[in-house]
>>> print(open('structure.cif').read())   # mmCIF, C-alpha atoms
data_data
loop_
_atom_site.label_atom_id
_atom_site.label_comp_id
_atom_site.auth_asym_id
_atom_site.auth_seq_id
_atom_site.Cartn_x
_atom_site.Cartn_y
_atom_site.Cartn_z
CA MET R 1 37.22 -61.89 4.01
CA ALA R 2 40.00 -59.33 4.24
CA SER R 3 39.74 -56.80 7.02
CA TYR R 4 41.04 -53.26 6.59
CA CYS R 5 40.58 -52.18 10.23
CA PRO R 6 42.29 -53.60 13.27
CA GLN R 7 39.70 -55.59 15.15
CA LEU R 8 38.89 -54.61 18.74
CA ARG R 9 39.39 -57.32 21.29
CA PRO R 10 37.36 -57.38 24.53
CA THR R 11 40.56 -56.78 26.47
CA ASP R 12 41.09 -53.44 24.63
CA TRP R 13 37.88 -52.03 26.16
CA SER R 14 38.12 -50.05 29.36
CA GLU R 15 35.50 -48.08 31.26
CA HIS R 16 36.23 -44.51 32.29
CA ASP R 17 36.46 -43.74 35.90
CA ALA R 18 32.90 -42.78 36.89
CA ASP R 19 34.12 -40.04 39.22
CA TRP R 20 36.35 -38.40 36.65
CA ASP R 21 35.02 -35.16 35.14
CA TRP R 22 37.02 -33.57 32.32
CA ARG R 23 35.69 -30.11 33.25
CA GLU R 24 37.35 -30.48 36.61
CA SER R 25 40.69 -31.43 35.04
CA ARG R 26 41.49 -27.82 34.23
CA ARG R 27 39.22 -24.87 34.99
CA PRO R 28 39.23 -22.20 32.22
CA THR R 29 40.31 -18.78 33.22
CA SER R 30 37.79 -15.94 33.27
CA ASP R 31 39.40 -14.50 30.16
CA GLU R 32 38.99 -17.80 28.31
CA LEU R 33 35.37 -18.03 29.48
CA ARG R 34 34.63 -14.55 28.13
CA LYS R 35 36.15 -15.47 24.78
CA LEU R 36 34.13 -18.69 24.66
CA GLU R 37 30.93 -16.81 25.41
CA LEU R 38 31.74 -14.30 22.68
CA ILE R 39 32.35 -17.09 20.15
CA ASP R 40 29.17 -18.82 21.26
CA GLU R 41 27.15 -15.65 20.77
CA ARG R 42 28.65 -15.02 17.32
CA VAL R 43 27.96 -18.58 16.19
CA ARG R 44 24.36 -18.33 17.38
CA LYS R 45 23.85 -15.06 15.48
CA ALA R 46 25.43 -16.41 12.30
CA LEU R 47 23.28 -19.52 12.46
CA ALA R 48 20.11 -17.50 12.93
CA ARG R 49 21.04 -15.26 9.99
CA ALA R 50 21.85 -18.26 7.79
CA GLN R 51 18.51 -19.89 8.65
CA ILE R 52 16.60 -16.75 7.60
CA ILE R 53 18.54 -16.47 4.32
CA VAL R 54 17.98 -20.14 3.50
CA ALA R 55 14.25 -19.90 4.30
CA GLU R 56 13.82 -16.76 2.19
CA HIS R 57 15.77 -18.21 -0.69
CA THR R 58 13.72 -21.37 -0.59
CA LEU R 59 10.42 -19.47 -0.45
CA GLU R 60 11.43 -17.23 -3.34
CA GLN R 61 12.61 -20.21 -5.35
CA ARG R 62 9.41 -22.11 -4.68
CA PHE R 63 7.34 -19.03 -5.54
CA ARG R 64 9.22 -18.45 -8.82
CA GLU R 65 8.77 -22.07 -9.86
CA GLN R 66 5.04 -22.06 -9.15
CA ALA R 67 4.48 -18.61 -10.66
CA ASN R 68 6.29 -19.52 -13.89
CA LYS R 69 4.37 -22.78 -14.19
CA TRP R 70 1.07 -21.01 -13.53
CA GLU R 71 1.84 -18.32 -16.13
CA ARG R 72 2.93 -20.87 -18.72
CA GLU R 73 -0.13 -23.08 -18.34
CA THR R 74 -2.88 -20.46 -17.93
CA ARG R 75 -1.97 -17.44 -19.98
CA HIS R 76 -4.41 -18.42 -22.75
CA LEU R 77 -7.26 -18.43 -20.21
CA SER R 78 -9.55 -15.52 -19.42
CA SER R 79 -11.55 -16.87 -16.52
CA PRO R 80 -10.03 -15.76 -13.18
CA THR R 81 -11.81 -18.64 -11.43
CA GLN R 82 -10.30 -21.16 -13.87
CA LYS R 83 -6.85 -19.62 -13.39
CA MET R 84 -7.18 -19.59 -9.61
CA SER R 85 -8.11 -23.25 -9.51
CA HIS R 86 -4.73 -24.16 -11.03
CA PRO R 87 -2.60 -26.18 -8.54
CA SER R 88 0.29 -23.69 -8.74
CA TYR R 89 -1.97 -20.80 -7.73
CA GLN R 90 -3.23 -22.86 -4.82
CA ALA R 91 0.38 -23.65 -3.85
CA VAL R 92 1.20 -19.91 -3.81
CA LEU R 93 -1.86 -19.24 -1.63
CA GLY R 94 -0.57 -21.88 0.77
CA MET R 95 2.73 -20.02 1.22
CA GLY R 96 0.99 -17.60 3.59
CA ASN R 97 1.82 -14.06 4.65
CA GLU R 98 5.55 -14.36 3.86
CA VAL R 99 4.80 -14.49 0.13
CA VAL R 100 3.08 -11.07 0.02
CA PRO R 101 6.26 -9.03 -0.81
CA LEU R 102 7.06 -11.54 -3.57
CA LEU R 103 3.53 -11.28 -4.97
CA LEU R 104 3.72 -7.49 -4.98
CA ARG R 105 7.14 -7.47 -6.66
CA ASP R 106 6.01 -10.00 -9.27
CA LEU R 107 2.81 -8.04 -9.91
CA ALA R 108 4.82 -4.85 -10.49
CA GLU R 109 7.57 -6.45 -12.59
CA ASN R 110 5.79 -9.19 -14.54
CA ARG R 111 2.15 -8.05 -14.37
CA ARG R 112 0.97 -11.47 -13.24
CA GLU R 113 -2.52 -11.25 -11.85
CA TRP R 114 -2.17 -11.94 -8.13
CA PHE R 115 -5.08 -9.69 -7.13
CA CYS R 116 -7.22 -12.45 -5.64
CA ALA R 117 -4.26 -14.05 -3.85
CA LEU R 118 -3.26 -10.70 -2.35
CA SER R 119 -6.82 -9.96 -1.22
CA TYR R 120 -7.17 -13.45 0.22
CA ILE R 121 -3.89 -13.42 2.15
CA THR R 122 -3.95 -9.81 3.35
CA GLN R 123 -7.74 -9.58 3.81
CA ASP R 124 -7.50 -6.15 2.16
CA ASN R 125 -8.36 -4.65 -1.23
CA PRO R 126 -7.06 -1.27 -2.39
CA ILE R 127 -8.69 -1.49 -5.88
CA ARG R 128 -11.45 1.05 -6.43
CA ARG R 129 -14.63 -0.33 -7.99
CA GLU R 130 -14.40 2.08 -10.95
CA ASP R 131 -10.90 0.75 -11.74
CA ALA R 132 -12.06 -2.88 -11.93
CA GLY R 133 -10.53 -4.58 -14.96
CA LYS R 134 -8.01 -1.79 -15.68
CA MET R 135 -4.67 -3.54 -15.25
CA ASP R 136 -2.44 -0.46 -14.91
CA LYS R 137 -4.64 1.10 -12.22
CA MET R 138 -5.13 -2.15 -10.31
CA ILE R 139 -1.37 -2.81 -10.29
CA ALA R 140 -0.67 0.77 -9.18
CA ALA R 141 -3.19 0.42 -6.34
CA TRP R 142 -1.49 -2.71 -4.97
CA VAL R 143 2.03 -1.31 -5.45
CA ASN R 144 1.06 1.80 -3.48
CA TRP R 145 -0.51 -0.39 -0.81
CA GLY R 146 2.76 -2.32 -0.55
CA LYS R 147 4.89 0.83 -0.37
CA GLU R 148 2.72 2.28 2.38
CA ARG R 149 3.43 -0.83 4.43
CA SER R 150 7.14 -0.96 3.50
CA LEU R 151 6.65 -4.29 1.74
CA LEU R 152 8.17 -3.01 -1.52
CA MET X 1 1.62 -1.83 -20.64
CA GLN X 2 2.79 -1.32 -24.18
CA PRO X 3 1.59 -4.08 -26.52
CA ILE X 4 4.39 -6.53 -27.34
CA PHE X 5 5.12 -7.60 -30.90
CA ARG X 6 6.45 -11.12 -30.79
CA PRO X 7 7.98 -12.93 -33.76
CA ALA X 8 5.24 -14.52 -35.89
CA SER X 9 6.90 -17.94 -35.50
CA ASP X 10 6.66 -17.69 -31.67
CA VAL X 11 3.00 -16.67 -31.85
CA ARG X 12 2.19 -19.51 -34.25
CA ALA X 13 4.02 -22.07 -32.12
CA GLU X 14 2.28 -21.03 -28.90
CA ILE X 15 -1.22 -20.70 -30.36
CA GLU X 16 -1.00 -24.04 -32.20
CA ALA X 17 0.37 -25.77 -29.11
CA THR X 18 -2.57 -24.39 -27.12
CA PHE X 19 -5.19 -25.15 -29.77
CA PRO X 20 -3.96 -28.22 -31.70
CA ARG X 21 -6.94 -28.10 -34.08
CA LEU X 22 -5.56 -24.87 -35.54
CA SER X 23 -2.48 -26.67 -36.87
CA GLY X 24 -2.88 -26.74 -40.61
CA ALA X 25 -6.02 -24.58 -40.48
CA LYS X 26 -6.20 -21.10 -41.96
CA TRP X 27 -5.95 -18.78 -38.99
CA PHE X 28 -4.03 -15.59 -38.37
CA SER X 29 -3.02 -13.23 -35.59
CA LYS X 30 -4.63 -9.79 -35.54
CA SER X 31 -2.98 -7.89 -32.70
CA PRO X 32 0.13 -7.69 -30.53
CA PHE X 33 0.45 -9.51 -27.18
CA ASP X 34 -1.56 -7.43 -24.71
CA ASP X 35 -2.79 -8.11 -21.18
CA THR X 36 -5.10 -5.11 -20.83
CA TYR X 37 -8.17 -6.97 -22.12
CA GLN X 38 -9.27 -10.56 -22.71
CA CYS X 39 -11.82 -12.60 -24.65
CA ILE X 40 -15.02 -11.35 -23.01
CA ALA X 41 -13.95 -7.70 -23.35
CA TRP X 42 -12.94 -8.35 -26.97
CA ALA X 43 -16.31 -9.99 -27.71
CA ALA X 44 -17.90 -6.85 -26.25
CA GLY X 45 -15.64 -4.59 -28.34
CA ASP X 46 -13.81 -3.15 -25.31
CA THR X 47 -9.99 -3.09 -25.40
CA SER X 48 -9.46 -0.92 -22.34
CA ARG X 49 -10.24 -3.36 -19.52
CA LYS X 50 -11.04 -6.95 -18.65
CA TRP X 51 -14.57 -8.28 -18.27
CA TRP X 52 -15.60 -11.11 -15.96
CA PRO X 53 -18.25 -11.62 -13.26
CA ILE X 54 -15.88 -11.49 -10.31
CA ASN X 55 -16.82 -9.16 -7.52
CA ASN X 56 -14.68 -9.90 -4.50
CA PRO X 57 -12.16 -8.42 -5.16
CA PRO X 58 -13.45 -6.32 -8.10
CA GLU X 59 -10.78 -7.63 -10.47
CA CYS X 60 -12.77 -7.16 -13.70
CA HIS X 61 -15.48 -4.98 -15.15
CA TRP X 62 -18.98 -6.42 -15.31
CA PRO X 63 -22.17 -4.66 -16.48
CA GLU X 64 -24.42 -3.39 -13.74
CA GLY X 65 -27.36 -5.63 -12.95
CA ALA X 66 -25.80 -8.80 -14.41
CA PRO X 67 -25.33 -11.63 -11.87
CA PHE X 68 -21.82 -12.29 -10.51
CA ASP X 69 -21.36 -15.96 -11.38
CA ASP X 70 -19.70 -17.95 -14.17
CA THR X 71 -22.91 -19.43 -15.55
CA VAL X 72 -24.05 -19.02 -19.15
CA GLY X 73 -27.13 -17.16 -17.90
CA SER X 74 -24.95 -14.51 -16.29
CA PHE X 75 -23.12 -13.87 -19.58
CA VAL X 76 -26.37 -13.82 -21.57
CA HIS X 77 -27.64 -11.23 -19.08
CA ALA X 78 -24.44 -9.15 -19.35
CA PHE X 79 -24.48 -9.16 -23.15
CA ALA X 80 -28.19 -8.31 -23.15
CA THR X 81 -27.05 -4.90 -21.85
CA LEU X 82 -25.23 -4.52 -25.20
CA GLY X 83 -28.33 -5.50 -27.16
CA TYR X 84 -27.57 -9.21 -27.74
CA LYS X 85 -30.29 -11.88 -27.72
CA PRO X 86 -29.96 -15.67 -27.82
CA CYS X 87 -30.21 -17.22 -31.28
CA SER X 88 -30.14 -20.73 -32.66
CA ASN X 89 -27.29 -20.80 -35.19
CA SER X 90 -23.80 -19.45 -35.83
CA ALA X 91 -24.17 -18.98 -39.60
CA PHE X 92 -23.11 -15.62 -41.01
CA GLU X 93 -26.00 -13.24 -41.62
CA LEU X 94 -25.30 -9.91 -43.23
CA TRP X 95 -27.65 -7.95 -40.98
CA HIS X 96 -26.58 -9.50 -37.65
CA GLN X 97 -23.51 -9.44 -35.43
CA LYS X 98 -23.00 -12.67 -33.47
CA VAL X 99 -20.98 -13.85 -30.48
CA ALA X 100 -20.49 -17.40 -29.17
CA ILE X 101 -20.16 -18.60 -25.57
CA TYR X 102 -17.91 -21.57 -24.73
CA ALA X 103 -18.60 -23.47 -21.51
CA THR X 104 -17.82 -26.63 -19.60
CA SER X 105 -20.15 -29.62 -19.35
CA THR X 106 -21.33 -28.14 -16.03
CA GLY X 107 -22.29 -24.82 -17.65
CA LEU X 108 -19.36 -22.67 -16.47
CA VAL X 109 -18.28 -20.12 -19.07
CA ARG X 110 -14.66 -20.32 -20.25
CA HIS X 111 -14.45 -18.19 -23.39
CA MET X 112 -16.27 -16.02 -25.93
CA ALA X 113 -15.67 -15.37 -29.62
CA ARG X 114 -17.11 -12.71 -31.94
CA GLN X 115 -17.99 -13.28 -35.58
CA HIS X 116 -15.80 -11.50 -38.12
CA PHE X 117 -17.43 -8.44 -39.67
CA PHE X 118 -17.42 -10.01 -43.14
CA GLY X 119 -18.09 -13.54 -41.88
CA ARG X 120 -14.50 -14.68 -42.52
CA GLY X 121 -14.36 -16.65 -39.30
CA TRP X 122 -14.41 -15.78 -35.61
CA LEU X 123 -12.35 -13.36 -33.54
CA SER X 124 -10.92 -14.57 -30.25
CA LYS X 125 -8.58 -13.15 -27.65
CA PRO X 126 -7.07 -16.09 -25.77
CA GLY X 127 -6.21 -14.56 -22.38
CA LYS X 128 -3.10 -12.39 -22.67
CA LEU X 129 -2.15 -13.78 -26.07
CA GLU X 130 -2.65 -12.15 -29.45
CA ASP X 131 -6.13 -11.76 -30.99
CA ILE X 132 -6.69 -14.43 -33.57
CA VAL X 133 -9.14 -15.07 -36.40
CA HIS X 134 -10.02 -18.75 -36.58
CA PRO X 135 -12.04 -20.31 -39.39
CA ASP X 136 -14.78 -21.86 -37.26
CA LEU X 137 -15.96 -22.14 -33.68
CA GLN X 138 -14.90 -25.78 -33.32
CA SER X 139 -11.21 -25.12 -33.99
CA ILE X 140 -10.60 -23.80 -30.46
CA GLU X 141 -12.99 -26.09 -28.62
CA GLY X 142 -11.49 -28.49 -26.08
CA ASP X 143 -12.11 -30.72 -23.10
CA PRO X 144 -15.42 -29.65 -21.48
CA SER X 145 -14.62 -31.04 -18.03
CA PRO X 146 -14.58 -28.34 -15.32
CA ASN X 147 -10.97 -29.05 -14.27
CA ALA X 148 -9.49 -28.88 -17.78
CA LEU X 149 -7.43 -25.85 -18.78
CA GLU X 150 -9.36 -25.61 -22.05
CA TYR X 151 -12.39 -23.76 -23.41
CA GLY X 152 -14.97 -26.52 -23.46
CA LYS X 153 -17.69 -26.47 -26.13
CA VAL X 154 -19.85 -23.79 -27.75
CA VAL X 155 -23.11 -23.78 -25.83
CA GLN X 156 -24.81 -20.53 -26.79
CA ILE X 157 -24.89 -18.09 -29.70
CA LEU X 158 -26.06 -14.51 -29.23
CA GLU X 159 -26.91 -11.99 -31.93
CA ARG X 160 -27.84 -8.35 -32.39
CA SER X 161 -28.64 -6.20 -35.38
CA TRP X 162 -25.99 -3.85 -36.75
CA TRP X 163 -28.29 -0.98 -35.87
CA THR X 164 -28.24 -2.08 -32.20
CA ALA X 165 -24.45 -2.55 -32.43
CA ALA X 166 -24.05 1.00 -33.76
CA ARG X 167 -25.96 2.32 -30.75
CA HIS X 168 -23.73 0.44 -28.29
CA ASP X 169 -20.06 -0.33 -28.90
CA LEU X 170 -19.58 -1.03 -32.60
CA PHE X 171 -17.34 1.99 -33.10
CA CYS X 172 -15.13 1.02 -30.14
CA GLY X 173 -14.49 -2.30 -31.87
CA TRP X 174 -13.77 -0.57 -35.17
CA TRP X 175 -11.42 1.87 -33.45
CA ALA X 176 -9.51 -1.03 -31.89
CA ALA X 177 -9.39 -2.81 -35.26
CA LEU X 178 -8.00 0.36 -36.86
CA ILE X 179 -5.32 0.74 -34.16
CA PHE X 180 -4.24 -2.89 -34.61
CA TRP X 181 -4.20 -2.45 -38.39
CA VAL X 182 -1.83 0.52 -37.93
CA TYR X 183 0.31 -1.55 -35.50
CA ARG X 184 0.64 -4.29 -38.09
CA ARG X 185 1.61 -1.79 -40.81
CA ILE X 186 4.31 -0.28 -38.56
CA ARG X 187 5.58 -3.70 -37.63
CA LYS X 188 5.90 -4.75 -41.27
CA SER X 189 7.83 -1.59 -42.13
#
>>> encode(input="structure.cif", output="structure tokens")
Amino acid sequence: MASYCPQLRPTDWSEHDADWDWRESRRPTSDELRKLELIDERVRKALARAQIIVAEHTLEQRFREQANKWERETRHLSSPTQKMSHPSYQAVLGMGNEVVPLLLRDLAENRREWFCALSYITQDNPIRREDAGKMDKMIAAWVNWGKERSLL
Amino acid sequence: MQPIFRPASDVRAEIEATFPRLSGAKWFSKSPFDDTYQCIAWAAGDTSRKWWPINNPPECHWPEGAPFDDTVGSFVHAFATLGYKPCSNSAFELWHQKVAIYATSTGLVRHMARQHFFGRGWLSKPGKLEDIVHPDLQSIEGDPSPNALEYGKVVQILERSWWTAARHDLFCGWWAALIFWVYRRIRKS
């Protein structure tokens, strides 16, 4: 079989000197150390920011996928309990507190009925009993609730 | 929300995909796409809000005194407040207005339909979609298992006299029908 890499022979191998420490070979100056620390700090910050952006993007993407599927498959239904038992609704419930701003935005923009999910996740309910069933008023109540808490 | 007028071909495609038995049957759409009310409200003649026995949170209207559960008994109780009584058949009778309750095999209500004023079929509002008139109750029936995303089977018919209807909500239903008739005229022009 043809070989495309030069083979290592046992005689090519050599152990490093156990006492040798590369850090001791040349000590960085204080100026270089300061620059390194600055770079290190900037890299850490950028990484943290990137992680947040990726997580948010992923959550929003996952939410959009589930919300669209839920809408498509249940919009002929009238029973809230039947709609809530759909796997996509359950998946949205499982996204936790982080999904609340997305639910509020989707409720305001697309009028998807996330009332139960919002109540369940936030343990709150701004809908007045006399407004029960009135879509415009129920949406307005949740949008105001979100604005008061700077979630919208 | 302003009602949305969708192209008739889109409405037909979506409704027939949802209810395959309507393909080839004589059915038609009676209203624009509207999410402010649904089938139970439409059966009760109310186009201003949604009806369902859900209390926590209060997401829908439900008549006072009627139980908050999805059982047929709860809906019979709620419609009794509008003067309806259980009856044995869905045949058109000139002196009675009738509604039908669809439920799963476990007795959980999924849908309601109201008989057309002149007996030309049944009126249904499938969720957010357009109101439709379908020729018979069976044409929108589906899988009765509790996990299915369908309406199940007709399990109960309720009726009331037109005199009782006039004392409750008949004119609300007529008003809605008139508004939708005007909508359709405008849309055609």
>>> interface_residues(input="structure.cif", of="chain X", to="chain R", cutoff="9 Å", atoms="all atoms listed in the file", output="PyMOL selection string")
chain X and resi 1+15+18+35-40+48-52+54+56-62+70+109-111+125-129+146-151
>>> atom_distance(input="structure.cif", atom1="CA of Gln90 in chain R", atom2="CA of Val154 in chain X")
28.3 Å
>>> residues_around(input="structure.cif", residues="range 93-106 of chain X", least_positions_apart="2", cutoff="10 Å", atoms="only C-alpha atoms", output="JSON, numbers by chain")
{"X": [40, 43, 44, 70, 71, 72, 75, 76, 79, 84, 85, 86, 87, 89, 90, 91, 108, 109, 110, 111, 112, 113, 114, 115, 116, 117, 118, 119, 122, 123, 137, 140, 141, 142, 143, 144, 145, 146, 147, 148, 150, 151, 152, 153, 154, 155, 156, 157, 158, 159, 160, 161, 162, 163, 164, 165, 170]}
>>> residues_around(input="structure.cif", residues="Leu59 in chain R", least_positions_apart="6", cutoff="12 Å", atoms="only C-alpha atoms", output="list in words")
Ile52, Ile53, Glu65, Gln66, Ala67, Ala91, Val92, Gly94, Met95, Gly96, Asn97, Glu98, Val99, Val100, Pro101, Leu102 and Leu103 of chain R
>>> resolve_selection(input="structure.cif", expression="the PyMOL selection byres ((chain X and resi 29) around 6)", output="list in words")
Phe28, Lys30, Asp131 and Ile132 of chain X
>>> closest_residue(input="structure.cif", among="X:Gln138, X:Ser88, X:Thr47, X:Ser74", to="Ala177 in chain X", atoms="all atoms listed in the file")
X:Thr47
>>> atom_distance(input="structure.cif", atom1="CA of Arg21 in chain X", atom2="CA of His134 in chain X")
10.2 Å
>>> axis_aligned_box(input="structure.cif", around="range 88-91 of chain R", padding_each_side="8 Å", output="AutoDock Vina command-line options")
--center_x -1.4 --center_y -22.2 --center_z -6.3 --size_x 19.6 --size_y 18.9 --size_z 20.9
>>> atom_distance(input="structure.cif", atom1="CA of Asp10 in chain X", atom2="CA of Asp46 in chain X")
25.9 Å
>>> resolve_selection(input="structure.cif", expression="the PyMOL selection byres ((chain X and resi 81) around 10)", output="count of residues only")
14
>>> resolve_selection(input="structure.cif", expression="the PyMOL selection byres ((chain X and resi 7) around 12)", output="ChimeraX atom specification")
/X:4-6,8-14,29,32-33,130,187-188
>>> build_atoms(input="structure.cif", residues="range 54-70 of chain X", atoms="N, CA and C atoms", output="mmCIF file, in the frame of the given file")
data_model
loop_
_atom_site.group_PDB
_atom_site.id
_atom_site.type_symbol
_atom_site.label_atom_id
_atom_site.label_comp_id
_atom_site.auth_asym_id
_atom_site.auth_seq_id
_atom_site.Cartn_x
_atom_site.Cartn_y
_atom_site.Cartn_z
ATOM 1 N N ILE X 54 -16.572 -11.217 -11.575
ATOM 2 C CA ILE X 54 -15.880 -11.490 -10.310
ATOM 3 C C ILE X 54 -15.944 -10.214 -9.484
ATOM 4 N N ASN X 55 -16.466 -10.342 -8.306
ATOM 5 C CA ASN X 55 -16.820 -9.160 -7.520
ATOM 6 C C ASN X 55 -15.967 -8.966 -6.278
ATOM 7 N N ASN X 56 -15.389 -10.024 -5.782
ATOM 8 C CA ASN X 56 -14.680 -9.900 -4.500
ATOM 9 C C ASN X 56 -13.312 -10.585 -4.586
ATOM 10 N N PRO X 57 -12.235 -9.863 -4.949
ATOM 11 C CA PRO X 57 -12.160 -8.420 -5.160
ATOM 12 C C PRO X 57 -12.676 -8.031 -6.548
ATOM 13 N N PRO X 58 -12.981 -6.746 -6.775
ATOM 14 C CA PRO X 58 -13.450 -6.320 -8.100
ATOM 15 C C PRO X 58 -12.288 -6.312 -9.087
ATOM 16 N N GLU X 59 -11.974 -7.467 -9.621
ATOM 17 C CA GLU X 59 -10.780 -7.630 -10.470
ATOM 18 C C GLU X 59 -11.086 -7.304 -11.930
ATOM 19 N N CYS X 60 -12.373 -7.378 -12.311
ATOM 20 C CA CYS X 60 -12.770 -7.160 -13.700
ATOM 21 C C CYS X 60 -14.045 -6.320 -13.771
ATOM 22 N N HIS X 61 -14.236 -5.728 -14.934
ATOM 23 C CA HIS X 61 -15.480 -4.980 -15.150
ATOM 24 C C HIS X 61 -16.614 -5.964 -15.425
ATOM 25 N N TRP X 62 -17.805 -5.621 -14.985
ATOM 26 C CA TRP X 62 -18.980 -6.420 -15.310
ATOM 27 C C TRP X 62 -20.191 -5.494 -15.344
ATOM 28 N N PRO X 63 -21.053 -5.608 -16.373
ATOM 29 C CA PRO X 63 -22.170 -4.660 -16.480
ATOM 30 C C PRO X 63 -23.068 -4.673 -15.248
ATOM 31 N N GLU X 64 -23.542 -3.516 -14.907
ATOM 32 C CA GLU X 64 -24.420 -3.390 -13.740
ATOM 33 C C GLU X 64 -25.694 -4.195 -13.930
ATOM 34 N N GLY X 65 -26.098 -4.875 -12.907
ATOM 35 C CA GLY X 65 -27.360 -5.630 -12.950
ATOM 36 C C GLY X 65 -27.157 -7.085 -13.349
ATOM 37 N N ALA X 66 -26.042 -7.408 -14.015
ATOM 38 C CA ALA X 66 -25.800 -8.800 -14.410
ATOM 39 C C ALA X 66 -25.298 -9.590 -13.204
ATOM 40 N N PRO X 67 -25.744 -10.844 -13.060
ATOM 41 C CA PRO X 67 -25.330 -11.630 -11.870
ATOM 42 C C PRO X 67 -23.823 -11.901 -11.865
ATOM 43 N N PHE X 68 -23.248 -12.001 -10.662
ATOM 44 C CA PHE X 68 -21.820 -12.290 -10.510
ATOM 45 C C PHE X 68 -21.592 -13.793 -10.331
ATOM 46 N N ASP X 69 -21.751 -14.543 -11.412
ATOM 47 C CA ASP X 69 -21.360 -15.960 -11.380
ATOM 48 C C ASP X 69 -20.939 -16.365 -12.789
ATOM 49 N N ASP X 70 -20.302 -17.530 -12.890
ATOM 50 C CA ASP X 70 -19.700 -17.950 -14.170
ATOM 51 C C ASP X 70 -20.677 -18.701 -15.066
#
